[in-house]
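my_file-v8.json follows; it contains JSON, C-alpha atoms and all ligand atoms.
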```
[["chain", "number", "residue", "atom", "x", "y", "z"],
["A", 1, "MET", "CA", -81.23, -79.41, -131.83],
["A", 2, "SER", "CA", -83.86, -76.88, -130.96],
["A", 3, "GLY", "CA", -81.28, -74.41, -129.77],
["A", 4, "ALA", "CA", -82.79, -74.34, -126.29],
["A", 5, "ARG", "CA", -80.22, -73.68, -123.66],
["A", 6, "PRO", "CA", -79.73, -76.29, -120.97],
["A", 7, "LEU", "CA", -81.97, -75.76, -118.02],
["A", 8, "PRO", "CA", -80.26, -74.25, -115.02],
["A", 9, "THR", "CA", -79.66, -76.75, -112.26],
["A", 10, "VAL", "CA", -82.64, -76.63, -109.97],
["A", 11, "ILE", "CA", -81.71, -76.80, -106.36],
["A", 12, "ASN", "CA", -84.21, -78.66, -104.24],
["A", 13, "VAL", "CA", -84.78, -76.09, -101.55],
["A", 14, "THR", "CA", -86.43, -78.50, -99.16],
["A", 15, "SER", "CA", -83.37, -80.72, -99.06],
["A", 16, "VAL", "CA", -80.91, -77.85, -98.80],
["A", 17, "LEU", "CA", -82.83, -75.99, -96.11],
["A", 18, "PRO", "CA", -84.50, -78.68, -94.06],
["A", 19, "ARG", "CA", -84.56, -76.64, -90.85],
["A", 20, "PRO", "CA", -85.96, -73.18, -90.23],
["A", 21, "ALA", "CA", -83.37, -70.70, -91.50],
["A", 22, "ALA", "CA", -82.55, -69.51, -87.98],
["A", 23, "ALA", "CA", -82.02, -72.98, -86.51],
["A", 24, "PRO", "CA", -78.36, -73.91, -86.05],
["A", 25, "GLU", "CA", -76.89, -77.15, -87.41],
["A", 26, "PRO", "CA", -77.16, -79.87, -84.78],
["A", 27, "VAL", "CA", -73.77, -80.46, -83.17],
["A", 28, "ALA", "CA", -72.69, -83.80, -81.69],
["A", 29, "ARG", "CA", -70.96, -83.87, -78.29],
["A", 30, "PRO", "CA", -68.98, -86.96, -77.24],
["A", 31, "ARG", "CA", -70.84, -88.84, -74.50],
["A", 32, "HIS", "CA", -70.04, -91.27, -71.73],
["A", 33, "TYR", "CA", -72.50, -94.12, -71.26],
["A", 34, "LEU", "CA", -72.93, -97.01, -68.87],
["A", 35, "MET", "CA", -74.52, -100.22, -70.19],
["A", 36, "CYS", "CA", -75.26, -103.72, -68.89],
["A", 37, "ARG", "CA", -75.03, -106.80, -71.11],
["A", 38, "PRO", "CA", -78.34, -108.75, -71.13],
["A", 39, "ALA", "CA", -76.61, -111.97, -70.04],
["A", 40, "HIS", "CA", -79.48, -112.85, -67.67],
["A", 41, "PHE", "CA", -82.28, -111.19, -69.63],
["A", 42, "GLU", "CA", -85.68, -112.88, -69.50],
["A", 43, "VAL", "CA", -89.31, -111.88, -69.04],
["A", 44, "ARG", "CA", -90.53, -113.78, -66.00],
["A", 45, "TYR", "CA", -92.64, -111.08, -64.34],
["A", 46, "ALA", "CA", -94.80, -108.31, -65.77],
["A", 47, "ILE", "CA", -94.44, -104.79, -64.37],
["A", 48, "ASN", "CA", -95.41, -102.96, -67.56],
["A", 49, "PRO", "CA", -97.87, -103.81, -70.36],
["A", 50, "TRP", "CA", -95.10, -104.79, -72.81],
["A", 51, "MET", "CA", -93.99, -107.75, -70.69],
["A", 52, "ARG", "CA", -95.62, -111.14, -71.40],
["A", 53, "PRO", "CA", -94.01, -113.75, -69.18],
["A", 54, "GLY", "CA", -95.58, -116.62, -71.18],
["A", 55, "GLU", "CA", -93.78, -115.66, -74.38],
["A", 56, "PRO", "CA", -90.24, -116.98, -74.87],
["A", 57, "VAL", "CA", -87.35, -114.56, -75.16],
["A", 58, "ASP", "CA", -84.42, -115.26, -77.48],
["A", 59, "ARG", "CA", -81.53, -114.28, -75.23],
["A", 60, "GLY", "CA", -78.92, -114.88, -77.93],
["A", 61, "ARG", "CA", -80.74, -112.43, -80.13],
["A", 62, "ALA", "CA", -81.07, -109.94, -77.28],
["A", 63, "LEU", "CA", -77.31, -110.16, -76.72],
["A", 64, "ALA", "CA", -76.56, -109.61, -80.43],
["A", 65, "GLN", "CA", -78.92, -106.63, -80.65],
["A", 66, "TRP", "CA", -77.50, -105.11, -77.49],
["A", 67, "GLU", "CA", -73.95, -105.63, -78.80],
["A", 68, "ALA", "CA", -74.88, -103.81, -82.00],
["A", 69, "LEU", "CA", -76.19, -100.89, -79.91],
["A", 70, "ARG", "CA", -72.95, -100.73, -77.97],
["A", 71, "GLN", "CA", -70.94, -100.84, -81.19],
["A", 72, "THR", "CA", -73.09, -98.05, -82.62],
["A", 73, "TYR", "CA", -72.09, -95.79, -79.72],
["A", 74, "LEU", "CA", -68.43, -96.69, -80.13],
["A", 75, "ASP", "CA", -68.60, -95.98, -83.86],
["A", 76, "LEU", "CA", -70.08, -92.56, -83.07],
["A", 77, "GLY", "CA", -67.06, -91.86, -80.89],
["A", 78, "HIS", "CA", -68.69, -92.25, -77.47],
["A", 79, "ARG", "CA", -67.26, -93.94, -74.39],
["A", 80, "VAL", "CA", -69.15, -96.99, -73.10],
["A", 81, "ASP", "CA", -68.47, -98.46, -69.67],
["A", 82, "LEU", "CA", -70.01, -101.75, -68.62],
["A", 83, "ILE", "CA", -71.51, -102.90, -65.33],
["A", 84, "ASP", "CA", -71.50, -106.64, -64.63],
["A", 85, "PRO", "CA", -74.92, -108.26, -65.07],
["A", 86, "VAL", "CA", -76.24, -110.04, -61.98],
["A", 87, "PRO", "CA", -78.10, -113.38, -62.15],
["A", 88, "GLY", "CA", -81.72, -113.01, -61.03],
["A", 89, "LEU", "CA", -81.93, -109.36, -62.13],
["A", 90, "PRO", "CA", -83.22, -109.72, -65.72],
["A", 91, "ASP", "CA", -84.13, -106.03, -66.07],
["A", 92, "MET", "CA", -80.65, -104.85, -65.17],
["A", 93, "VAL", "CA", -80.01, -104.45, -68.91],
["A", 94, "TYR", "CA", -82.18, -101.30, -68.68],
["A", 95, "ALA", "CA", -79.29, -99.27, -67.32],
["A", 96, "ALA", "CA", -81.10, -95.94, -67.68],
["A", 97, "ASN", "CA", -83.02, -96.78, -64.51],
["A", 98, "GLY", "CA", -79.88, -97.32, -62.42],
["A", 99, "ALA", "CA", -79.12, -93.71, -61.45],
["A", 100, "THR", "CA", -79.16, -90.09, -62.62],
["A", 101, "VAL", "CA", -75.80, -88.41, -63.12],
["A", 102, "VAL", "CA", -75.46, -84.65, -63.49],
["A", 103, "GLY", "CA", -72.24, -82.70, -63.07],
["A", 104, "GLY", "CA", -70.47, -85.77, -61.74],
["A", 105, "THR", "CA", -73.00, -86.18, -58.92],
["A", 106, "VAL", "CA", -74.87, -89.48, -58.82],
["A", 107, "LEU", "CA", -78.38, -89.67, -57.43],
["A", 108, "GLY", "CA", -79.00, -93.35, -56.81],
["A", 109, "ALA", "CA", -82.19, -95.07, -57.90],
["A", 110, "ARG", "CA", -84.94, -96.58, -55.76],
["A", 111, "PHE", "CA", -87.25, -98.92, -57.63],
["A", 112, "ARG", "CA", -91.01, -99.14, -57.25],
["A", 113, "HIS", "CA", -91.28, -102.90, -57.79],
["A", 114, "ALA", "CA", -89.71, -105.51, -55.54],
["A", 115, "GLU", "CA", -88.46, -107.43, -58.60],
["A", 116, "ARG", "CA", -86.04, -104.64, -59.48],
["A", 117, "ARG", "CA", -85.17, -103.27, -56.05],
["A", 118, "ALA", "CA", -81.76, -104.98, -55.79],
["A", 119, "GLU", "CA", -80.54, -103.27, -58.97],
["A", 120, "ALA", "CA", -80.16, -99.96, -57.14],
["A", 121, "ALA", "CA", -77.32, -101.23, -54.94],
["A", 122, "GLU", "CA", -75.53, -102.75, -57.94],
["A", 123, "TYR", "CA", -75.53, -99.47, -59.84],
["A", 124, "GLY", "CA", -74.66, -97.51, -56.70],
["A", 125, "ALA", "CA", -71.70, -99.79, -56.05],
["A", 126, "TRP", "CA", -70.47, -99.40, -59.62],
["A", 127, "PHE", "CA", -70.41, -95.60, -59.31],
["A", 128, "THR", "CA", -68.79, -95.72, -55.88],
["A", 129, "ALA", "CA", -66.05, -98.00, -57.23],
["A", 130, "ALA", "CA", -65.59, -95.62, -60.17],
["A", 131, "GLY", "CA", -64.98, -92.78, -57.72],
["A", 132, "TYR", "CA", -68.26, -90.90, -57.92],
["A", 133, "PRO", "CA", -70.08, -89.58, -54.87],
["A", 134, "VAL", "CA", -73.44, -91.38, -54.68],
["A", 135, "VAL", "CA", -76.46, -89.92, -52.89],
["A", 136, "GLU", "CA", -78.97, -92.51, -51.66],
["A", 137, "PRO", "CA", -82.52, -91.36, -52.41],
["A", 138, "GLU", "CA", -85.30, -91.29, -49.86],
["A", 139, "PHE", "CA", -88.16, -91.60, -52.37],
["A", 140, "VAL", "CA", -88.77, -93.87, -55.34],
["A", 141, "ASN", "CA", -87.07, -92.61, -58.50],
["A", 142, "GLU", "CA", -86.28, -94.82, -61.47],
["A", 143, "GLY", "CA", -83.27, -92.87, -62.66],
["A", 144, "GLU", "CA", -83.16, -91.59, -66.20],
["A", 145, "GLY", "CA", -86.26, -93.60, -66.98],
["A", 146, "ASP", "CA", -88.19, -90.70, -65.45],
["A", 147, "LEU", "CA", -85.57, -87.95, -65.12],
["A", 148, "LEU", "CA", -84.42, -86.43, -68.39],
["A", 149, "VAL", "CA", -81.83, -83.68, -68.62],
["A", 150, "VAL", "CA", -82.56, -81.02, -71.23],
["A", 151, "GLY", "CA", -79.96, -78.26, -71.02],
["A", 152, "ASP", "CA", -80.27, -76.78, -67.54],
["A", 153, "VAL", "CA", -83.56, -78.40, -66.56],
["A", 154, "LEU", "CA", -84.64, -81.86, -65.54],
["A", 155, "LEU", "CA", -87.94, -83.13, -66.90],
["A", 156, "ALA", "CA", -89.44, -85.43, -64.28],
["A", 157, "GLY", "CA", -92.09, -88.00, -65.15],
["A", 158, "TYR", "CA", -94.46, -89.39, -62.52],
["A", 159, "GLY", "CA", -97.73, -91.28, -62.38],
["A", 160, "PHE", "CA", -96.45, -94.85, -62.75],
["A", 161, "ARG", "CA", -93.00, -95.22, -61.21],
["A", 162, "THR", "CA", -91.17, -92.22, -59.77],
["A", 163, "ASP", "CA", -92.73, -90.75, -56.62],
["A", 164, "PRO", "CA", -93.52, -87.03, -57.06],
["A", 165, "ARG", "CA", -92.00, -86.50, -53.61],
["A", 166, "ALA", "CA", -88.67, -87.35, -55.26],
["A", 167, "HIS", "CA", -88.81, -84.14, -57.29],
["A", 168, "ALA", "CA", -87.66, -81.82, -54.49],
["A", 169, "GLU", "CA", -84.96, -84.34, -53.61],
["A", 170, "VAL", "CA", -83.77, -84.47, -57.23],
["A", 171, "ALA", "CA", -83.64, -80.67, -57.43],
["A", 172, "ALA", "CA", -81.68, -80.41, -54.19],
["A", 173, "VAL", "CA", -79.17, -83.16, -54.99],
["A", 174, "LEU", "CA", -78.57, -82.38, -58.65],
["A", 175, "GLY", "CA", -79.00, -78.60, -58.41],
["A", 176, "ARG", "CA", -81.33, -78.27, -61.35],
["A", 177, "GLU", "CA", -84.82, -76.96, -61.88],
["A", 178, "VAL", "CA", -87.21, -79.92, -61.98],
["A", 179, "VAL", "CA", -90.28, -79.84, -64.23],
["A", 180, "PRO", "CA", -92.90, -82.40, -63.10],
["A", 181, "LEU", "CA", -94.87, -84.10, -65.89],
["A", 182, "ARG", "CA", -97.72, -86.54, -65.29],
["A", 183, "LEU", "CA", -97.79, -89.65, -67.46],
["A", 184, "VAL", "CA", -101.25, -91.12, -68.10],
["A", 185, "ASP", "CA", -100.86, -94.03, -70.56],
["A", 186, "PRO", "CA", -99.52, -97.28, -69.06],
["A", 187, "ARG", "CA", -97.69, -98.15, -72.29],
["A", 188, "PHE", "CA", -95.58, -95.06, -71.66],
["A", 189, "TYR", "CA", -94.87, -95.77, -68.02],
["A", 190, "HIS", "CA", -91.46, -94.06, -67.95],
["A", 191, "LEU", "CA", -90.83, -90.54, -69.20],
["A", 192, "ASP", "CA", -88.16, -91.82, -71.59],
["A", 193, "THR", "CA", -90.85, -93.72, -73.52],
["A", 194, "ALA", "CA", -92.76, -90.47, -74.19],
["A", 195, "VAL", "CA", -90.00, -87.87, -74.56],
["A", 196, "ALA", "CA", -86.73, -88.03, -76.47],
["A", 197, "VAL", "CA", -84.13, -85.37, -75.67],
["A", 198, "LEU", "CA", -82.60, -84.33, -78.99],
["A", 199, "ASP", "CA", -80.25, -81.59, -77.80],
["A", 200, "ASP", "CA", -79.93, -79.05, -74.99],
["A", 201, "ALA", "CA", -83.04, -77.20, -76.15],
["A", 202, "THR", "CA", -85.12, -79.62, -78.21],
["A", 203, "ILE", "CA", -87.30, -82.63, -77.51],
["A", 204, "ALA", "CA", -89.50, -85.03, -79.45],
["A", 205, "TRP", "CA", -92.62, -86.16, -77.59],
["A", 206, "LEU", "CA", -96.03, -87.79, -77.66],
["A", 207, "PRO", "CA", -98.62, -85.35, -76.27],
["A", 208, "ALA", "CA", -101.21, -88.07, -75.57],
["A", 209, "ALA", "CA", -98.87, -89.70, -73.05],
["A", 210, "PHE", "CA", -99.40, -86.71, -70.67],
["A", 211, "ASP", "CA", -102.27, -85.10, -68.83],
["A", 212, "ALA", "CA", -103.55, -81.78, -70.18],
["A", 213, "ALA", "CA", -101.63, -79.60, -67.72],
["A", 214, "SER", "CA", -98.33, -81.33, -68.53],
["A", 215, "GLN", "CA", -99.00, -81.01, -72.25],
["A", 216, "ASP", "CA", -99.40, -77.26, -71.73],
["A", 217, "VAL", "CA", -96.11, -77.10, -69.84],
["A", 218, "LEU", "CA", -94.24, -78.91, -72.60],
["A", 219, "ARG", "CA", -95.82, -76.85, -75.39],
["A", 220, "ALA", "CA", -94.85, -73.64, -73.61],
["A", 221, "ARG", "CA", -91.27, -74.74, -72.93],
["A", 222, "PHE", "CA", -90.61, -76.46, -76.25],
["A", 223, "PRO", "CA", -92.57, -74.69, -78.99],
["A", 224, "ASP", "CA", -90.20, -76.17, -81.59],
["A", 225, "ALA", "CA", -90.52, -79.74, -80.36],
["A", 226, "VAL", "CA", -90.88, -82.62, -82.78],
["A", 227, "VAL", "CA", -94.34, -84.08, -82.18],
["A", 228, "ALA", "CA", -94.21, -87.83, -82.64],
["A", 229, "HIS", "CA", -96.85, -89.79, -84.49],
["A", 230, "PRO", "CA", -98.63, -92.27, -82.20],
["A", 231, "ALA", "CA", -97.50, -95.15, -84.46],
["A", 232, "ASP", "CA", -93.85, -94.26, -83.85],
["A", 233, "ALA", "CA", -94.38, -93.94, -80.10],
["A", 234, "ALA", "CA", -96.16, -97.32, -80.12],
["A", 235, "VAL", "CA", -92.88, -99.04, -81.11],
["A", 236, "LEU", "CA", -91.08, -97.04, -78.39],
["A", 237, "GLY", "CA", -89.60, -94.80, -81.07],
["A", 238, "LEU", "CA", -89.17, -92.02, -78.51],
["A", 239, "ASN", "CA", -86.89, -94.23, -76.45],
["A", 240, "ALA", "CA", -83.98, -92.66, -78.30],
["A", 241, "VAL", "CA", -80.46, -91.53, -77.45],
["A", 242, "SER", "CA", -79.12, -88.35, -79.03],
["A", 243, "ASP", "CA", -75.61, -86.92, -78.88],
["A", 244, "GLY", "CA", -76.98, -83.63, -80.15],
["A", 245, "ARG", "CA", -76.87, -84.69, -83.78],
["A", 246, "HIS", "CA", -77.04, -88.48, -84.17],
["A", 247, "VAL", "CA", -80.25, -89.92, -82.79],
["A", 248, "VAL", "CA", -80.08, -93.65, -82.07],
["A", 249, "LEU", "CA", -83.66, -94.89, -82.22],
["A", 250, "PRO", "CA", -85.67, -98.09, -82.76],
["A", 251, "ALA", "CA", -85.54, -99.08, -86.44],
["A", 252, "GLN", "CA", -89.31, -99.61, -86.47],
["A", 253, "ALA", "CA", -89.90, -95.87, -85.86],
["A", 254, "THR", "CA", -89.52, -94.91, -89.52],
["A", 255, "GLY", "CA", -91.84, -91.89, -89.40],
["A", 256, "LEU", "CA", -89.94, -90.37, -86.51],
["A", 257, "ALA", "CA", -86.62, -91.01, -88.28],
["A", 258, "ALA", "CA", -87.92, -89.09, -91.31],
["A", 259, "ALA", "CA", -89.12, -86.21, -89.13],
["A", 260, "LEU", "CA", -85.72, -86.02, -87.43],
["A", 261, "SER", "CA", -83.93, -85.95, -90.79],
["A", 262, "GLU", "CA", -86.11, -83.05, -91.89],
["A", 263, "ARG", "CA", -84.94, -81.16, -88.83],
["A", 264, "GLY", "CA", -81.28, -81.74, -89.64],
["A", 265, "TYR", "CA", -80.62, -84.61, -87.20],
["A", 266, "THR", "CA", -79.06, -87.86, -88.34],
["A", 267, "PRO", "CA", -81.24, -90.83, -87.36],
["A", 268, "VAL", "CA", -79.30, -93.98, -86.51],
["A", 269, "PRO", "CA", -81.79, -96.88, -86.50],
["A", 270, "VAL", "CA", -81.07, -99.95, -84.35],
["A", 271, "ASP", "CA", -83.15, -103.10, -83.94],
["A", 272, "LEU", "CA", -83.75, -103.93, -80.27],
["A", 273, "SER", "CA", -86.92, -105.96, -80.86],
["A", 274, "GLU", "CA", -85.96, -108.61, -78.31],
["A", 275, "LEU", "CA", -85.43, -106.02, -75.56],
["A", 276, "LEU", "CA", -88.77, -104.46, -76.44],
["A", 277, "ARG", "CA", -90.30, -107.61, -74.91],
["A", 278, "GLY", "CA", -89.22, -106.24, -71.55],
["A", 279, "GLY", "CA", -90.64, -102.83, -72.40],
["A", 280, "GLY", "CA", -87.41, -101.10, -73.35],
["A", 281, "GLY", "CA", -85.50, -99.63, -76.27],
["A", 282, "PRO", "CA", -82.12, -97.98, -76.86],
["A", 283, "LYS", "CA", -82.53, -95.27, -74.22],
["A", 284, "CYS", "CA", -83.60, -97.76, -71.55],
["A", 285, "CYS", "CA", -80.36, -99.66, -72.16],
["A", 286, "THR", "CA", -78.22, -96.53, -71.80],
["A", 287, "LEU", "CA", -77.33, -94.46, -68.74],
["A", 288, "GLU", "CA", -75.53, -91.22, -69.46],
["A", 289, "VAL", "CA", -72.66, -90.28, -67.17],
["A", 290, "ARG", "CA", -72.54, -86.49, -67.30],
["A", 291, "PRO", "CA", -69.26, -84.95, -66.16],
["A", 301, "LIG", "N1", -88.93, -104.11, -67.62],
["A", 301, "LIG", "C1", -88.43, -102.84, -67.22],
["A", 301, "LIG", "C2", -89.41, -102.18, -66.28],
["A", 301, "LIG", "O1", -90.58, -102.28, -66.50],
["A", 301, "LIG", "C3", -88.15, -101.97, -68.39],
["A", 301, "LIG", "C4", -87.47, -100.69, -68.05],
["A", 301, "LIG", "C5", -87.26, -99.80, -69.22],
["A", 301, "LIG", "N2", -86.44, -98.71, -68.91],
["A", 301, "LIG", "C6", -86.68, -97.43, -69.24],
["A", 301, "LIG", "N3", -85.77, -96.55, -69.01],
["A", 301, "LIG", "N4", -87.83, -97.06, -69.73],
["A", 301, "LIG", "O2", -89.06, -101.54, -65.32]]
```
The structure in this file should be written as structure tokens.
Amino acid sequence: MSGARPLPTVINVTSVLPRPAAAPEPVARPRHYLMCRPAHFEVRYAINPWMRPGEPVDRGRALAQWEALRQTYLDLGHRVDLIDPVPGLPDMVYAANGATVVGGTVLGARFRHAERRAEAAEYGAWFTAAGYPVVEPEFVNEGEGDLLVVGDVLLAGYGFRTDPRAHAEVAAVLGREVVPLRLVDPRFYHLDTAVAVLDDATIAWLPAAFDAASQDVLRARFPDAVVAHPADAAVLGLNAVSDGRHVVLPAQATGLAAALSERGYTPVPVDLSELLRGGGGPKCCTLEVRP
């Protein structure tokens, strides 16, 4: 032997300190979700660029993928309630659009397209039966598709679906500051395709999905945001559901998953490829019921 002493164990600093030293560990909070089984899912009309009515949909596969998403939430310790799917409403699986619930108050949805309009009453009736007060909206708002709660504020997307006149209504009904953000890329037609809420103070987002003024607003409010790579956004990677620590996101968004890990979050990839044919991912299939 050369007599050299064993090398001291080298600690890989990047893996031990993945977040800025001051950033706290992400903490999970148990959530309550509402979901709708894709029993009648199909793509027979096109109201966003992802939908191709000529291409067949494998409903059995959609059901299995959706079931795996539901099981993922249960495994993470969350509560999942179910609303009955209605024949003739194939997009009802995208529960996020059904309402916005903050502090136990439900602001009902009002859909832009005739094909989805009847969903609003179904979701409203579910909340009424569950004992929640439901406020009927005057203006078009597509629920959590365009209204995202980040801590005390509501980010409000417009440009494709939700009517900007809904913003004052949302603020009055839900009692939160509303931050309007203009979406400009039709692939990212709902805010929840361009912004993922990671915790009460942090988002991930795709700047190019917004006009310049809205980009400035988001940069000023969220200087520590995770900026998504366009390739991850292009598989709807930002259509993610976080409990504050675990981020359930499309499995195809591998770059975003890596970026989230570096920041201390735990990515939980799920494959919802069949539901992507309707233009949705995990977040679209999930409506949060906030107490
Ligand atoms: N086909 C549905 C639509 O275009 C998809 C909705 C997706 N939901 C969402 N929260 N982004 O309206």
field: All residues having an atom within 6 Å of ligand LIG 301 (chain A) (all atoms listed in the file) as a PyMOL selection string
entry: chain A and resi 47-48+91+94+96-97+145+190+192-193+278-280+284
For Arg29 in chain A, list every protein, DNA or RNA residue within 9 Å, evaluated using all atoms listed in the file, and leave out those in the same chain fewer than 6 positions away; present the list as a PDB file with C-alpha atoms, in the frame of the given file.
```pdb
ATOM      1  CA  HIS A  78     -68.690 -92.250 -77.470  1.00  0.00           C
ATOM      2  CA  ASP A 243     -75.610 -86.920 -78.880  1.00  0.00           C
ATOM      3  CA  GLY A 244     -76.980 -83.630 -80.150  1.00  0.00           C
ATOM      4  CA  ARG A 245     -76.870 -84.690 -83.780  1.00  0.00           C
TER       5      ARG A 245
END
```
message: Residues near Arg61 in chain A, anyone? I mean within 12 Å using all atoms listed in the file, not counting same-chain ones fewer than 4 positions away, as a ChimeraX atom specification.
response: /A:38-39,41-42,56-57,65-68,271-277
Let me see the file: selected residues, C-alpha atoms, as a short mmCIF file (atom, residue, chain, number, x, y, z; two decimals), in the coordinates of the input.
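As written to disk, again.cif reads:
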```cif
data_model
loop_
_atom_site.label_atom_id
_atom_site.label_comp_id
_atom_site.auth_asym_id
_atom_site.auth_seq_id
_atom_site.Cartn_x
_atom_site.Cartn_y
_atom_site.Cartn_z
CA PRO A 38 -78.34 -108.75 -71.13
CA ALA A 39 -76.61 -111.97 -70.04
CA PHE A 41 -82.28 -111.19 -69.63
CA GLU A 42 -85.68 -112.88 -69.50
CA PRO A 56 -90.24 -116.98 -74.87
CA VAL A 57 -87.35 -114.56 -75.16
CA GLN A 65 -78.92 -106.63 -80.65
CA TRP A 66 -77.50 -105.11 -77.49
CA GLU A 67 -73.95 -105.63 -78.80
CA ALA A 68 -74.88 -103.81 -82.00
CA ASP A 271 -83.15 -103.10 -83.94
CA LEU A 272 -83.75 -103.93 -80.27
CA SER A 273 -86.92 -105.96 -80.86
CA GLU A 274 -85.96 -108.61 -78.31
CA LEU A 275 -85.43 -106.02 -75.56
CA LEU A 276 -88.77 -104.46 -76.44
CA ARG A 277 -90.30 -107.61 -74.91
#
```
Can you check which parts of range 253-275 of chain A lie within 10 Å of range 201-207 of chain A? Per residue, the shortest pair of atoms and distance in Å to one decimal, counting all atoms listed in the file, sorted by chain and number, as a Markdown table.
```
| residue | atom | partner | partner_atom | distance |
| --- | --- | --- | --- | --- |
| A:Leu256 | CA | A:Ala204 | CA | 8.9 |
| A:Ala259 | CA | A:Ala204 | CA | 9.8 |
| A:Leu260 | CA | A:Ala204 | CA | 8.9 |
```
query: Do you know which residues are at most 10 Å from range 152-168 of chain A counting only C-alpha atoms, after dropping those on the same chain fewer than 3 positions away, and could you put them as a PyMOL selection string?
result: chain A and resi 48+102+109-113+137-149+171-186+188-192+194-195+197+200-201+210+214+218
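Note that CA of Ala95 in chain A and CA of Pro267 in chain A are 21.8 Å apart.
For the pair CA of Leu236 in chain A and CA of Val27 in chain A, the separation is 24.4 Å.
Residue nearest Ala114 in chain A, chosen from A:Met51, A:Val241, A:Val170, A:Ala46 and counting only C-alpha atoms: A:Ala46.
Using only C-alpha atoms for every distance, the candidate list A:Val247, A:Tyr132, A:Ala212, A:Pro53 yields A:Val247 as the residue closest to Leu76 in chain A.
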- prompt: Got a sec: who's within 7 Å of Tyr33 in chain A, counting only C-alpha atoms, leaving out chain neighbours fewer than 2 positions off, as a ChimeraX atom specification?
  reply: /A:31,35,79-81,286-289
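The space between CA of Thr72 in chain A and CA of Gly281 in chain A spans 14.0 Å.
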task: Find the residues around Val235 in chain A up to 7 Å (only C-alpha atoms counted), leave out those fewer than 2 positions away in its own chain, and share them as a VMD selection string.
output: chain A and resid 231 to 233 237 252 to 253
Put those residues in a file: C-alpha atoms, as a compact mmCIF listing (two decimals), keeping the file's coordinate frame.
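Output file result.txt is given in full below:
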```txt
# COMPACT_ATOMS: atom_id res chain seq x y z
CA ALA A 231 -97.50 -95.15 -84.46
CA ASP A 232 -93.85 -94.26 -83.85
CA ALA A 233 -94.38 -93.94 -80.10
CA GLY A 237 -89.60 -94.80 -81.07
CA GLN A 252 -89.31 -99.61 -86.47
CA ALA A 253 -89.90 -95.87 -85.86
```
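Among the candidates A:Lys283, A:His40, A:His32, A:Arg59, the one nearest to Ala196 in chain A when counting all atoms listed in the file is A:Lys283.
Compared by their closest atoms to Pro250 in chain A, and using all atoms listed in the file, the residues A:Arg263, A:Gly77, A:Pro269, A:Gly88 rank with A:Pro269 nearest.
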